[in-house]
Every structure is written in structure tokens, then in C-alpha cells.
file input.pdb (PDB, C-alpha atoms)
MODEL        1
ATOM      1  CA  MET A   1     107.795 -35.295 -12.669
ATOM      2  CA  GLY A   2     106.974 -38.873 -11.758
ATOM      3  CA  PHE A   3     109.186 -41.512 -10.164
ATOM      4  CA  GLN A   4     112.802 -40.526 -10.795
ATOM      5  CA  ASP A   5     116.311 -40.269  -9.418
ATOM      6  CA  THR A   6     117.330 -36.849  -8.116
ATOM      7  CA  PRO A   7     120.687 -35.028  -7.883
ATOM      8  CA  GLU A   8     122.224 -34.710  -4.420
ATOM      9  CA  GLU A   9     125.758 -34.236  -3.121
ATOM     10  CA  TRP A  10     126.872 -34.824   0.439
ATOM     11  CA  GLN A  11     129.768 -32.830   1.854
ATOM     12  CA  VAL A  12     133.266 -34.128   1.103
ATOM     13  CA  THR A  13     135.957 -33.041   3.549
ATOM     14  CA  GLU A  14     138.938 -34.589   1.746
ATOM     15  CA  THR A  15     139.706 -36.239  -1.591
ATOM     16  CA  VAL A  16     142.744 -38.260  -2.645
ATOM     17  CA  THR A  17     143.493 -40.243  -5.804
ATOM     18  CA  PRO A  18     145.655 -43.235  -4.839
ATOM     19  CA  PHE A  19     145.670 -44.693  -8.374
ATOM     20  CA  THR A  20     145.551 -43.169 -11.844
ATOM     21  CA  GLY A  21     145.353 -45.474 -14.853
ATOM     22  CA  ASN A  22     145.259 -45.028 -18.605
ATOM     23  CA  LYS A  23     141.523 -44.355 -18.837
ATOM     24  CA  THR A  24     140.208 -44.536 -15.273
ATOM     25  CA  SER A  25     141.361 -43.770 -11.739
ATOM     26  CA  VAL A  26     140.445 -44.606  -8.151
ATOM     27  CA  ARG A  27     139.342 -41.828  -5.817
ATOM     28  CA  THR A  28     138.842 -41.813  -2.052
ATOM     29  CA  ASP A  29     136.412 -39.244  -0.653
ATOM     30  CA  ALA A  30     135.858 -38.537   3.032
ATOM     31  CA  VAL A  31     132.070 -38.112   3.085
ATOM     32  CA  VAL A  32     129.995 -36.560   5.863
ATOM     33  CA  MET A  33     127.095 -38.856   6.749
ATOM     34  CA  PRO A  34     123.636 -37.648   7.905
ATOM     35  CA  ASP A  35     124.596 -38.271  11.543
ATOM     36  CA  GLY A  36     127.706 -36.084  11.195
ATOM     37  CA  SER A  37     130.215 -38.929  11.098
ATOM     38  CA  VAL A  38     132.795 -39.033   8.306
ATOM     39  CA  HIS A  39     133.571 -42.197   6.339
ATOM     40  CA  ASN A  40     135.814 -42.922   3.354
ATOM     41  CA  ARG A  41     134.252 -44.038   0.088
ATOM     42  CA  ASP A  42     136.482 -45.537  -2.630
ATOM     43  CA  TYR A  43     135.269 -45.559  -6.220
ATOM     44  CA  GLN A  44     136.404 -45.747  -9.805
ATOM     45  CA  VAL A  45     136.339 -42.484 -11.750
ATOM     46  CA  HIS A  46     135.215 -43.360 -15.283
ATOM     47  CA  PRO A  47     134.801 -41.230 -18.438
ATOM     48  CA  GLY A  48     131.505 -42.897 -19.340
ATOM     49  CA  SER A  49     130.527 -45.254 -22.145
ATOM     50  CA  VAL A  50     128.106 -45.806 -24.975
ATOM     51  CA  ALA A  51     126.595 -49.044 -26.241
ATOM     52  CA  VAL A  52     124.585 -49.902 -29.340
ATOM     53  CA  LEU A  53     121.762 -52.402 -29.641
ATOM     54  CA  ALA A  54     121.720 -52.768 -33.427
ATOM     55  CA  LEU A  55     118.496 -54.407 -34.623
ATOM     56  CA  ASP A  56     118.176 -55.611 -38.207
ATOM     57  CA  GLU A  57     115.052 -55.946 -40.343
ATOM     58  CA  GLU A  58     114.644 -59.588 -39.297
ATOM     59  CA  GLY A  59     114.477 -58.729 -35.600
ATOM     60  CA  ARG A  60     118.002 -59.937 -34.911
ATOM     61  CA  VAL A  61     120.490 -58.174 -32.636
ATOM     62  CA  LEU A  62     124.121 -57.741 -33.646
ATOM     63  CA  VAL A  63     126.326 -59.205 -30.904
ATOM     64  CA  LEU A  64     130.069 -59.616 -30.406
ATOM     65  CA  ARG A  65     131.938 -62.221 -28.373
ATOM     66  CA  GLN A  66     134.981 -60.839 -26.570
ATOM     67  CA  TYR A  67     137.372 -61.971 -23.853
ATOM     68  CA  ARG A  68     137.058 -59.997 -20.605
ATOM     69  CA  HIS A  69     140.030 -60.585 -18.375
ATOM     70  CA  PRO A  70     138.623 -59.384 -14.996
ATOM     71  CA  VAL A  71     135.889 -62.075 -15.099
ATOM     72  CA  ARG A  72     137.946 -64.656 -17.044
ATOM     73  CA  GLN A  73     135.196 -65.249 -19.583
ATOM     74  CA  LYS A  74     134.344 -64.672 -23.217
ATOM     75  CA  LEU A  75     131.144 -62.643 -23.102
ATOM     76  CA  TRP A  76     128.531 -61.994 -25.755
ATOM     77  CA  GLU A  77     128.066 -58.228 -25.841
ATOM     78  CA  ILE A  78     126.640 -55.436 -27.951
ATOM     79  CA  PRO A  79     129.065 -52.926 -29.530
ATOM     80  CA  ALA A  80     130.277 -50.450 -26.926
ATOM     81  CA  GLY A  81     133.125 -48.134 -26.081
ATOM     82  CA  LEU A  82     134.454 -45.364 -23.885
ATOM     83  CA  LEU A  83     133.697 -41.671 -24.210
ATOM     84  CA  ASP A  84     137.369 -40.927 -24.752
ATOM     85  CA  VAL A  85     137.019 -37.196 -25.377
ATOM     86  CA  PRO A  86     135.572 -34.933 -22.646
ATOM     87  CA  GLY A  87     132.241 -33.508 -23.799
ATOM     88  CA  GLU A  88     132.107 -35.902 -26.758
ATOM     89  CA  ASN A  89     128.694 -36.291 -28.342
ATOM     90  CA  PRO A  90     127.538 -39.787 -27.292
ATOM     91  CA  LEU A  91     125.689 -40.412 -30.566
ATOM     92  CA  HIS A  92     128.856 -39.746 -32.547
ATOM     93  CA  ALA A  93     130.772 -42.081 -30.238
ATOM     94  CA  ALA A  94     128.133 -44.813 -30.645
ATOM     95  CA  GLN A  95     128.224 -44.501 -34.431
ATOM     96  CA  ARG A  96     132.003 -44.790 -34.319
ATOM     97  CA  GLU A  97     131.886 -47.915 -32.147
ATOM     98  CA  LEU A  98     129.341 -49.622 -34.409
ATOM     99  CA  TYR A  99     131.573 -48.930 -37.383
ATOM    100  CA  GLU A 100     134.855 -49.920 -35.718
ATOM    101  CA  GLU A 101     133.630 -53.093 -34.031
ATOM    102  CA  ALA A 102     131.118 -54.384 -36.587
ATOM    103  CA  HIS A 103     131.699 -52.395 -39.816
ATOM    104  CA  VAL A 104     128.013 -51.481 -39.796
ATOM    105  CA  LYS A 105     126.157 -48.181 -40.069
ATOM    106  CA  ALA A 106     122.563 -47.331 -39.122
ATOM    107  CA  GLU A 107     120.116 -44.709 -40.347
ATOM    108  CA  ASP A 108     117.695 -44.662 -37.389
ATOM    109  CA  TRP A 109     119.027 -43.907 -33.894
ATOM    110  CA  ARG A 110     117.183 -43.522 -30.572
ATOM    111  CA  VAL A 111     118.121 -43.565 -26.893
ATOM    112  CA  LEU A 112     117.099 -46.899 -25.434
ATOM    113  CA  THR A 113     118.149 -46.305 -21.830
ATOM    114  CA  ASP A 114     120.717 -44.619 -19.564
ATOM    115  CA  VAL A 115     122.274 -46.501 -16.651
ATOM    116  CA  TYR A 116     124.954 -46.318 -13.972
ATOM    117  CA  THR A 117     126.715 -49.674 -14.187
ATOM    118  CA  THR A 118     127.818 -50.015 -10.545
ATOM    119  CA  PRO A 119     126.886 -46.833  -8.630
ATOM    120  CA  GLY A 120     128.161 -48.218  -5.337
ATOM    121  CA  GLY A 121     131.712 -48.438  -6.659
ATOM    122  CA  SER A 122     132.023 -46.414  -9.868
ATOM    123  CA  ASP A 123     130.653 -43.245 -11.440
ATOM    124  CA  GLU A 124     130.500 -44.913 -14.878
ATOM    125  CA  ALA A 125     127.407 -43.847 -16.817
ATOM    126  CA  VAL A 126     126.359 -45.681 -19.988
ATOM    127  CA  ARG A 127     123.955 -44.550 -22.684
ATOM    128  CA  VAL A 128     122.497 -47.483 -24.631
ATOM    129  CA  PHE A 129     121.256 -46.611 -28.113
ATOM    130  CA  LEU A 130     118.853 -48.478 -30.364
ATOM    131  CA  ALA A 131     120.110 -48.480 -33.957
ATOM    132  CA  ARG A 132     117.944 -49.650 -36.871
ATOM    133  CA  ASP A 133     117.973 -49.620 -40.662
ATOM    134  CA  LEU A 134     121.383 -51.285 -40.737
ATOM    135  CA  SER A 135     123.747 -51.644 -43.676
ATOM    136  CA  GLU A 136     127.371 -52.515 -44.304
ATOM    137  CA  ALA A 137     129.717 -49.587 -43.713
ATOM    138  CA  GLU A 138     131.647 -48.251 -46.664
ATOM    139  CA  GLY A 139     135.412 -48.415 -47.030
ATOM    140  CA  GLU A 140     137.973 -50.656 -45.378
ATOM    141  CA  ARG A 141     137.299 -52.338 -42.063
ATOM    142  CA  PHE A 142     138.766 -50.715 -38.969
ATOM    143  CA  GLU A 143     141.953 -52.452 -37.848
ATOM    144  CA  VAL A 144     141.370 -53.958 -34.404
ATOM    145  CA  SER A 145     143.967 -55.084 -31.855
ATOM    146  CA  GLU A 146     144.417 -56.707 -28.439
ATOM    147  CA  GLU A 147     141.209 -58.419 -27.180
ATOM    148  CA  GLU A 148     139.205 -57.055 -30.106
ATOM    149  CA  ALA A 149     141.382 -58.934 -32.599
ATOM    150  CA  ASP A 150     139.779 -62.170 -31.350
ATOM    151  CA  MET A 151     136.147 -60.978 -31.502
ATOM    152  CA  GLU A 152     133.398 -63.063 -33.049
ATOM    153  CA  GLN A 153     130.252 -61.551 -34.522
ATOM    154  CA  ALA A 154     126.713 -62.909 -34.825
ATOM    155  CA  ARG A 155     123.116 -61.810 -35.321
ATOM    156  CA  VAL A 156     120.728 -63.400 -32.856
ATOM    157  CA  PRO A 157     116.918 -63.084 -32.618
ATOM    158  CA  LEU A 158     115.911 -60.726 -29.801
ATOM    159  CA  GLU A 159     113.664 -63.372 -28.225
ATOM    160  CA  GLU A 160     116.551 -65.856 -28.040
ATOM    161  CA  LEU A 161     118.758 -63.333 -26.256
ATOM    162  CA  VAL A 162     115.998 -62.585 -23.730
ATOM    163  CA  ARG A 163     115.617 -66.300 -22.979
ATOM    164  CA  SER A 164     119.387 -66.632 -22.509
ATOM    165  CA  VAL A 165     119.492 -63.606 -20.195
ATOM    166  CA  LEU A 166     116.717 -64.977 -17.991
ATOM    167  CA  ALA A 167     118.340 -68.414 -17.995
ATOM    168  CA  GLY A 168     121.542 -66.891 -16.588
ATOM    169  CA  ASP A 169     123.589 -67.651 -19.696
ATOM    170  CA  LEU A 170     124.402 -64.049 -20.695
ATOM    171  CA  HIS A 171     125.910 -61.546 -18.250
ATOM    172  CA  ASN A 172     127.176 -58.440 -20.028
ATOM    173  CA  ASN A 173     125.496 -55.430 -18.439
ATOM    174  CA  CYS A 174     124.805 -53.483 -21.631
ATOM    175  CA  LEU A 175     123.463 -56.516 -23.476
ATOM    176  CA  VAL A 176     121.169 -57.479 -20.592
ATOM    177  CA  VAL A 177     119.861 -53.940 -20.105
ATOM    178  CA  GLY A 178     119.543 -53.385 -23.846
ATOM    179  CA  VAL A 179     117.580 -56.481 -24.811
ATOM    180  CA  LEU A 180     115.244 -56.272 -21.812
ATOM    181  CA  SER A 181     114.642 -52.548 -22.388
ATOM    182  CA  LEU A 182     113.861 -53.102 -26.053
ATOM    183  CA  THR A 183     111.503 -55.950 -25.185
ATOM    184  CA  ALA A 184     109.703 -53.678 -22.721
ATOM    185  CA  ALA A 185     109.476 -50.895 -25.303
ATOM    186  CA  LEU A 186     108.040 -53.239 -27.926
ATOM    187  CA  ALA A 187     105.481 -54.541 -25.428
ATOM    188  CA  GLY A 188     104.562 -51.004 -24.363
ATOM    189  CA  ASP A 189     104.356 -47.815 -26.398
ATOM    190  CA  GLY A 190     106.728 -48.984 -29.141
ATOM    191  CA  VAL A 191     110.150 -47.785 -30.235
ATOM    192  CA  ASP A 192     108.713 -44.568 -31.669
ATOM    193  CA  SER A 193     108.080 -43.495 -28.063
ATOM    194  CA  LEU A 194     111.789 -43.715 -27.211
ATOM    195  CA  ARG A 195     113.806 -40.543 -26.687
ATOM    196  CA  PRO A 196     115.561 -38.997 -29.693
ATOM    197  CA  ALA A 197     119.233 -39.817 -30.185
ATOM    198  CA  GLU A 198     120.322 -36.318 -29.116
ATOM    199  CA  ALA A 199     118.285 -36.322 -25.876
ATOM    200  CA  PRO A 200     120.007 -34.576 -22.926
ATOM    201  CA  TRP A 201     122.154 -36.772 -20.687
ATOM    202  CA  PRO A 202     122.764 -35.002 -17.352
ATOM    203  CA  ALA A 203     125.180 -37.720 -16.192
ATOM    204  CA  ARG A 204     127.533 -36.900 -19.078
ATOM    205  CA  PRO A 205     126.763 -33.475 -20.567
ATOM    206  CA  PHE A 206     127.864 -33.221 -24.185
ATOM    207  CA  GLU A 207     128.248 -30.816 -27.051
ATOM    208  CA  ALA A 208     125.726 -30.892 -29.914
TER
ENDMDL
END

call {"tool": "encode", "arguments": {"input": "input.pdb", "output": "C-alpha cells"}}
result
Amino acid sequence: MGFQDTPEEWQVTETVTPFTGNKTSVRTDAVVMPDGSVHNRDYQVHPGSVAVLALDEEGRVLVLRQYRHPVRQKLWEIPAGLLDVPGENPLHAAQRELYEEAHVKAEDWRVLTDVYTTPGGSDEAVRVFLARDLSEAEGERFEVSEEEADMEQARVPLEELVRSVLAGDLHNNCLVVGVLSLTAALAGDGVDSLRPAEAPWPARPFEA
């Protein structure tokens, strides 16, 4: 099967949830280590997310600038959002986010990459899609609120984003992973070799 991550689950003797929020919670598991000792592991329980690297016909990536309070910065990002509904089809969620955040639709969708954002402290899994053949969405724009009401939008050449990532000027996880993955795909077997948009996602099983 090649070089790959593998499922494994160590014994948990006790689980408590000291905090439950609107979308996520914090869980403490007492985990049995290989030497038989038991240690607590705290982590965020997350529903999962999708992100969209939308590439236009000129080789530009659609990016959004949004305030992120935990890091006290305005970050350039690609459209993304939570998998709010258990078992939700990630492609449908990604299409919704592209429409709501950028008022854009795409005809060609592929899976660019799947990642765990911070596996030492959260079970959040993100599927990053590549979307091409872009056009303006029909109908009225989605009404945004809170941090999203202050978002800026731009289209930036892929090569410029890669340079900014490597220079340490861009930090959003999905943007960094997305632009570097696409660059690797273009330098390798091409985007036609990417997985189809409905490819299985064991980290977040979904309905067709």
C-alpha cells in the first residue's frame, strides 16, 4: 500500500468532557501507554472542516482576508467552513462555502489533500478541494455577519502565494497546505491525477 498512516487506538480507561462549546468541546482521556502506565490526554473534539482552493483560468487563487481572534491577526485564507451536519457530504459543504464566502461556483472539483490540522491537540480533519472552471454564482449574495462581514477578497497568482508562504508572510493552514499541494501536483503528474471529489474520507465518513 506504500507509505501511509494507519488506524490504531490505544485503550482508554476513562473519558470526561470538562468543556462543551457551541461547535467544539474539550475531552480528557486516560490513555494506557505501551509500558502500562496511564496518562491524561486533553484535546479538542471538532466536527471537521472543508476548504476550497479555487483556481481561475489565469492561474490565480481566490483568497479572503479575515480577522482571527485567537492569533490577533487578519489572515489571508482560502474559503473554508465547518462540517456542521454529522455525515454531511464534504463536497456539498465545500460548494456551499465557496458560494457563501465568495459568491462563486465551480464546475470542476477534485480532492487536493486531506490533513489533520493539529493532531497532538485536536481531532480536526480538513479536506482541501481544488475547484476550477469558476464563474459568478447566480442570485443574491449570501448575507454574512460577525468576522465575515469585514472580509476582503482577492485573486492572487499561485506563484506569488507560494513565495509569500516560504517567506513566512502567510500562515493559514489550509492556504499553506493548498497552494503547496497544488504546486506539487502541477510539477508532478498534474491535476488530472488528483482524487475525484467524492473520494472516500475515512477521517470523516460521509453520505453520498

call {"tool": "resolve_selection", "arguments": {"input": "input.pdb", "expression": "the PyMOL selection byres ((chain A and resi 161-177) around 7)", "output": "compact mmCIF listing (two decimals) with C-alpha atoms, keeping the file's coordinate frame"}}
result
# COMPACT_ATOMS: atom_id res chain seq x y z
CA ALA A 51 126.60 -49.04 -26.24
CA LEU A 75 131.14 -62.64 -23.10
CA TRP A 76 128.53 -61.99 -25.76
CA GLU A 77 128.07 -58.23 -25.84
CA ILE A 78 126.64 -55.44 -27.95
CA VAL A 156 120.73 -63.40 -32.86
CA PRO A 157 116.92 -63.08 -32.62
CA LEU A 158 115.91 -60.73 -29.80
CA GLU A 159 113.66 -63.37 -28.22
CA GLU A 160 116.55 -65.86 -28.04
CA GLY A 178 119.54 -53.38 -23.85
CA VAL A 179 117.58 -56.48 -24.81
CA LEU A 180 115.24 -56.27 -21.81
CA SER A 181 114.64 -52.55 -22.39

call {"tool": "closest_residue", "arguments": {"input": "input.pdb", "among": "A:Val38, A:Thr6, A:Ser49, A:Asp84", "to": "Asn22 in chain A", "atoms": "all atoms listed in the file"}}
result
A:Asp84

call {"tool": "closest_residue", "arguments": {"input": "input.pdb", "among": "A:Thr183, A:Thr17, A:Asn89, A:Thr117", "to": "Glu198 in chain A", "atoms": "all atoms listed in the file"}}
result
A:Asn89

call {"tool": "resolve_selection", "arguments": {"input": "input.pdb", "expression": "the PyMOL selection byres ((chain A and resi 205) around 12)", "output": "PyMOL selection string"}}
result
chain A and resi 47-48+83+85-90+125+127+198-204+206-208

call {"tool": "resolve_selection", "arguments": {"input": "input.pdb", "expression": "the PyMOL selection byres ((chain A and resi 60) around 7)", "output": "JSON, numbers by chain"}}
result
{"A": [55, 56, 58, 59, 61, 62, 155, 156, 157, 158]}

call {"tool": "atom_distance", "arguments": {"input": "input.pdb", "atom1": "CA of Arg96 in chain A", "atom2": "CA of Leu112 in chain A"}}
result
17.5 Å
